[in-house]
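Novice: Just passing along the structure, written as structure tokens.
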There are 2 protein chains.
Amino acid sequence: MINSKPYVIGIDMGGTNTVFGIVDARGVVLASNSIKTRKHSNIDDYVAELCEEINRLIVSIDAQDKIYGIGIGAPNANYFTGMIEDGVNLPWPTPIPFAKMMADKMGVPVAITNDANAAAIGEMTYGAARGLKDFIMITLGTGVGSGIVVNGQLVYGHDGFAGELGHVIVKRNNGRLCGCGRTGCLETYCSATGVARTAREYLEMTDTPSLLRNLPVDEITSKDVYDAAMAGDKLAKDVFEYTGTILGEALADFTVFTAPEAFILFGGLAKSGELLLKPVREAMEKNMLSIWKGKVKIIPSELKEADAAVLGASALGWEAKPMAAPEVIAVTVAAAPEAPKA
Amino acid sequence: MINSKPYVIGIDMGGTNTVFGIVDARGVVLASNSIKTRKHSNIDDYVAELCEEINRLIVSIDAQDKIYGIGIGAPNANYFTGMIEDGVNLPWPTPIPFAKMMADKMGVPVAITNDANAAAIGEMTYGAARGLKDFIMITLGTGVGSGIVVNGQLVYGHDGFAGELGHVIVKRNNGRLCGCGRTGCLETYCSATGVARTAREYLEMTDTPSLLRNLPVDEITSKDVYDAAMAGDKLAKDVFEYTGTILGEALADFTVFTAPEAFILFGGLAKSGELLLKPVREAMEKNMLSIWKGKVKIIPSELKEADAAVLGASALGWEAKPMAAPEVIAVTVAAAPEAPKA
């Protein structure tokens with residue numbers, strides 16, 4: 001019976017692309033493919049295409065009946081309920097019972113969590129966090145996400161939504177407007193979008209010469225700022241200094257919470273290297289409570305971005321519970337708080 | 001064999017008094033007493049007196065050979081190392097191998113953690129957090145401490161120091177100087193000391209009439225501010241409004257971390273009732289990320305302050321592991337009464 005189902009499927013649903021792969025127990029991606037997330041205005045059509053393409057992939061490597069489970073990373077996905085919840089930038093009405101839809105269609109157990117949590121699981125299973133029992137994954141992409149691992153376990157919280165560190169308020173007064181409707185959230189400063197925003201502010205508020213002035217101000221991306229900084233542009237370098245300082249201050253605050261051994265930085269912006277890492281480290285150390293000074297590492301992700309998401313999601317696939325319908329899970333969760341009363 | 005060692009000892013080492021008690025599996029304090037923490041300038045003399053008094057207590061209820069273990073809550077105590085670490089306001093040189101000293105002297109297993117963690121365990125085992133798997137205990141005393149529980153387990157972090165939420169920076173610029181050497185820490189605003197500091201600032205910076213002006217400004221305590229507020233004093237009420245607002249803003253930020261079902265407020269200041277709780281709740285809800293609006297409870301501790309510390313420490317006593325490994329203990333582990341495990 002052992003290894004009668006030796007593979008899992010990992011699915012990473014992004015805002016643009018949905019990437020999926022068949023992965024073995026050692027974390028080797030045997031086959032992978034992707035579809036456009038926004039092609040279908042109806043969620044059923046999206047699920048149909050996704051499953052069709054997954055099945056095609058399964059057949060292509062002769063893996064019929066060898067799939068143990070499916071793990072999914074998706075925005076605002078709730079591990080406990082299997083739902084993609086409200087407040088997410090996807091073309092379909094929410095909440096979406098995505099785990100159930102996939103389980104019904106594919107006939108194997110499905111587990112789901114948000115993309116940052118999936119990346120954290122991937123990093124713990126196959127990447128820079130191997131062997132770490134307490135670490136925090138920070139994803140620096142369009143937004144800022146996070147996956148918190150305590151004592152070897154991902155933190156889901158009482159409702160499945162824990163670890164939204166991109167929405168810690170870092171500027172209490174006069175902070176930038178965030179997509180969440182509040183102001184001053186970390187992700188308005190330390191995401192790729194935040195970097196571009198900072199650059200635009202610097203350009204508009206100063207007369208400092210900059211290579212970035214050759215670009216239409218509204219179209220500047222974090223990549224443009226990175227390229228300019230690497231070319232020695234003072235203003236662009238200041239943008240990274242500012243971004244890294246805010247992130248480092250936040251990481252010092254995060255440390256007092258779960259005392260992680262390391263922060264793993266992941267996502268497009270994390271690839272900026274020392275341009276970002278140096279001010280992050282300096283600000284973190286400067287602001288660190290003395291007992292943690294010099295003790296907490298900042299480590300860039302070791303996984304390729306696409307791989308990490310699929311691998312992380314697939315690692316979750318090994319935890320998928322055999323055919324527990326999401327409704328049943330939801331009922332169990334609702335009853336849980338009363339159960340353990342001493 | 002069952003219940004051959006039916007009692008644990010809980011010790012709460014405070015800056016002034018060290019309280020200890022013998023507790024049974026149901027959380028009944030069978031006997032308790034206290035000694036002055038600062039009476040001896042030598043730690044060995046302190047330990048000798050403490051053990052002597054504990055043994056006297058044991059004899060008084062005829063509990064010789066009935067002690068399963070000892071749990072200790074002490075400032076800056078590290079669960080992993082059993083040490084009271086540096087940076088703490090005690091009359092002895094640190095680090096202090098306190099768990100080992102007590103185990104050697106008493107001949108039973110000893111577990112140790114900081115006072116806020118002990119209080120959290122007490123609340124989870126016997127108080128307002130019974131049945132909660134994800135909650136955060138905030139202790140509002142001379143300082144601000146915390147104990148974080150995730151999925152039924154206290155969070156210790158990679159080094160045993162997790163949960164120092166009193167040292168989250170809530171004022172990044174121009175914040176108050178904290179005992180930790182940094183500025184703007186939560187505890188400089190939301191502790192009993194912080195309340196008195198705010199009152200002094202208000203008195204010095206305004207001409208607002210206040211009952212507090214009858215007191216020497218340097219001797220004003222949080223209790224004085226509370227009494228004045230309850231007597232209708234506008235300035236004193238404003239102090240609580242300000243304190244509660246900062247705490248509520250911080251709790252909203254803490255929520256994105258571990259998504260707790262509740263915050264349990266504990267300690268002297270938590271007894272201020274609605275004077276504090278109302279602005280805390282309002283600021284927390286106003287600043288809460290939408291997915292948690294209306295979902296996170298704020299609950300005052302249900303335990304008497306002295307009891308909570310001893311009970312919490314004693315609950316930890318059931319988890320104490322033998323340092324010298326007598327096999328008798330291992331046998332008793334199986335028979336040990338159910339502690340707080342969810």
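By convention in this document, the chains of the structure tokens carry letters A, B, ... by their order, each chain's residues are numbered from 1, and ligands are numbered from 1 in the order they are shown.
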Grab the Cα RMSD for chain A fitted onto chain B, all atoms paired in sequence order, one decimal please.
Specialist: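 Computed value for the CA RMSD is 5.3 Å.
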Novice: May I have the residues within 10 Å of Asp307 of chain B as a VMD selection string, using only C-alpha atoms and disregarding those fewer than 3 positions away in the same chain?
Specialist: chain B and resid 10 12 19 to 21 27 to 29 32 119 122 303 to 304 310 to 313
Novice: For the atom pair atom CA of Gly82 of chain A and atom CA of Ser41 of chain A, what is the interatomic distance in Å to one decimal place?
Specialist: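 A separation of 21.0 Å between them.
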Novice: Just checking: using only C-alpha atoms, which residue out of A:Asp207, A:Glu53, A:Glu219, A:Asp115 ends up closest to Gly163 of chain A?
Specialist: A:Asp115
Novice: Would you give me, as a PDB file with C-alpha atoms, in the first residue's frame, the residues in segment 178-214 of chain A that DSSP reads as helix (DSSP H, G or I)?
Specialist:
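File produced: selection.pdb:
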ATOM      1  CA  GLU A 187       2.211  46.795   2.229  1.00  0.00           C
ATOM      2  CA  THR A 188       1.577  50.329   1.020  1.00  0.00           C
ATOM      3  CA  TYR A 189       5.311  50.950   1.619  1.00  0.00           C
ATOM      4  CA  CYS A 190       7.142  47.644   1.280  1.00  0.00           C
ATOM      5  CA  ALA A 192       6.580  46.314  -5.292  1.00  0.00           C
ATOM      6  CA  THR A 193       3.679  48.740  -5.620  1.00  0.00           C
ATOM      7  CA  GLY A 194       4.867  50.598  -2.525  1.00  0.00           C
ATOM      8  CA  VAL A 195       8.350  51.018  -3.999  1.00  0.00           C
ATOM      9  CA  ALA A 196       6.872  52.543  -7.160  1.00  0.00           C
ATOM     10  CA  ARG A 197       4.679  54.785  -5.014  1.00  0.00           C
ATOM     11  CA  THR A 198       7.661  55.984  -3.003  1.00  0.00           C
ATOM     12  CA  ALA A 199       9.568  56.720  -6.198  1.00  0.00           C
ATOM     13  CA  ARG A 200       6.670  58.789  -7.548  1.00  0.00           C
ATOM     14  CA  GLU A 201       6.448  60.713  -4.278  1.00  0.00           C
ATOM     15  CA  TYR A 202      10.186  61.426  -4.310  1.00  0.00           C
ATOM     16  CA  LEU A 203      10.024  62.565  -7.934  1.00  0.00           C
ATOM     17  CA  GLU A 204       7.081  64.845  -7.298  1.00  0.00           C
ATOM     18  CA  MET A 205       8.295  66.277  -4.013  1.00  0.00           C
ATOM     19  CA  LEU A 211      17.034  58.504 -14.441  1.00  0.00           C
ATOM     20  CA  LEU A 212      13.449  57.837 -13.475  1.00  0.00           C
ATOM     21  CA  ARG A 213      12.468  61.294 -14.726  1.00  0.00           C
ATOM     22  CA  ASN A 214      12.837  59.899 -18.255  1.00  0.00           C
TER      23      ASN A 214
END
Novice: Just give me the gap between atom CA of Thr142 of chain A and atom CA of Met124 of chain A in Å, one decimal is fine.
Specialist: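 Atom CA of Met124 of chain A lies 22.6 Å from atom CA of Thr142 of chain A.
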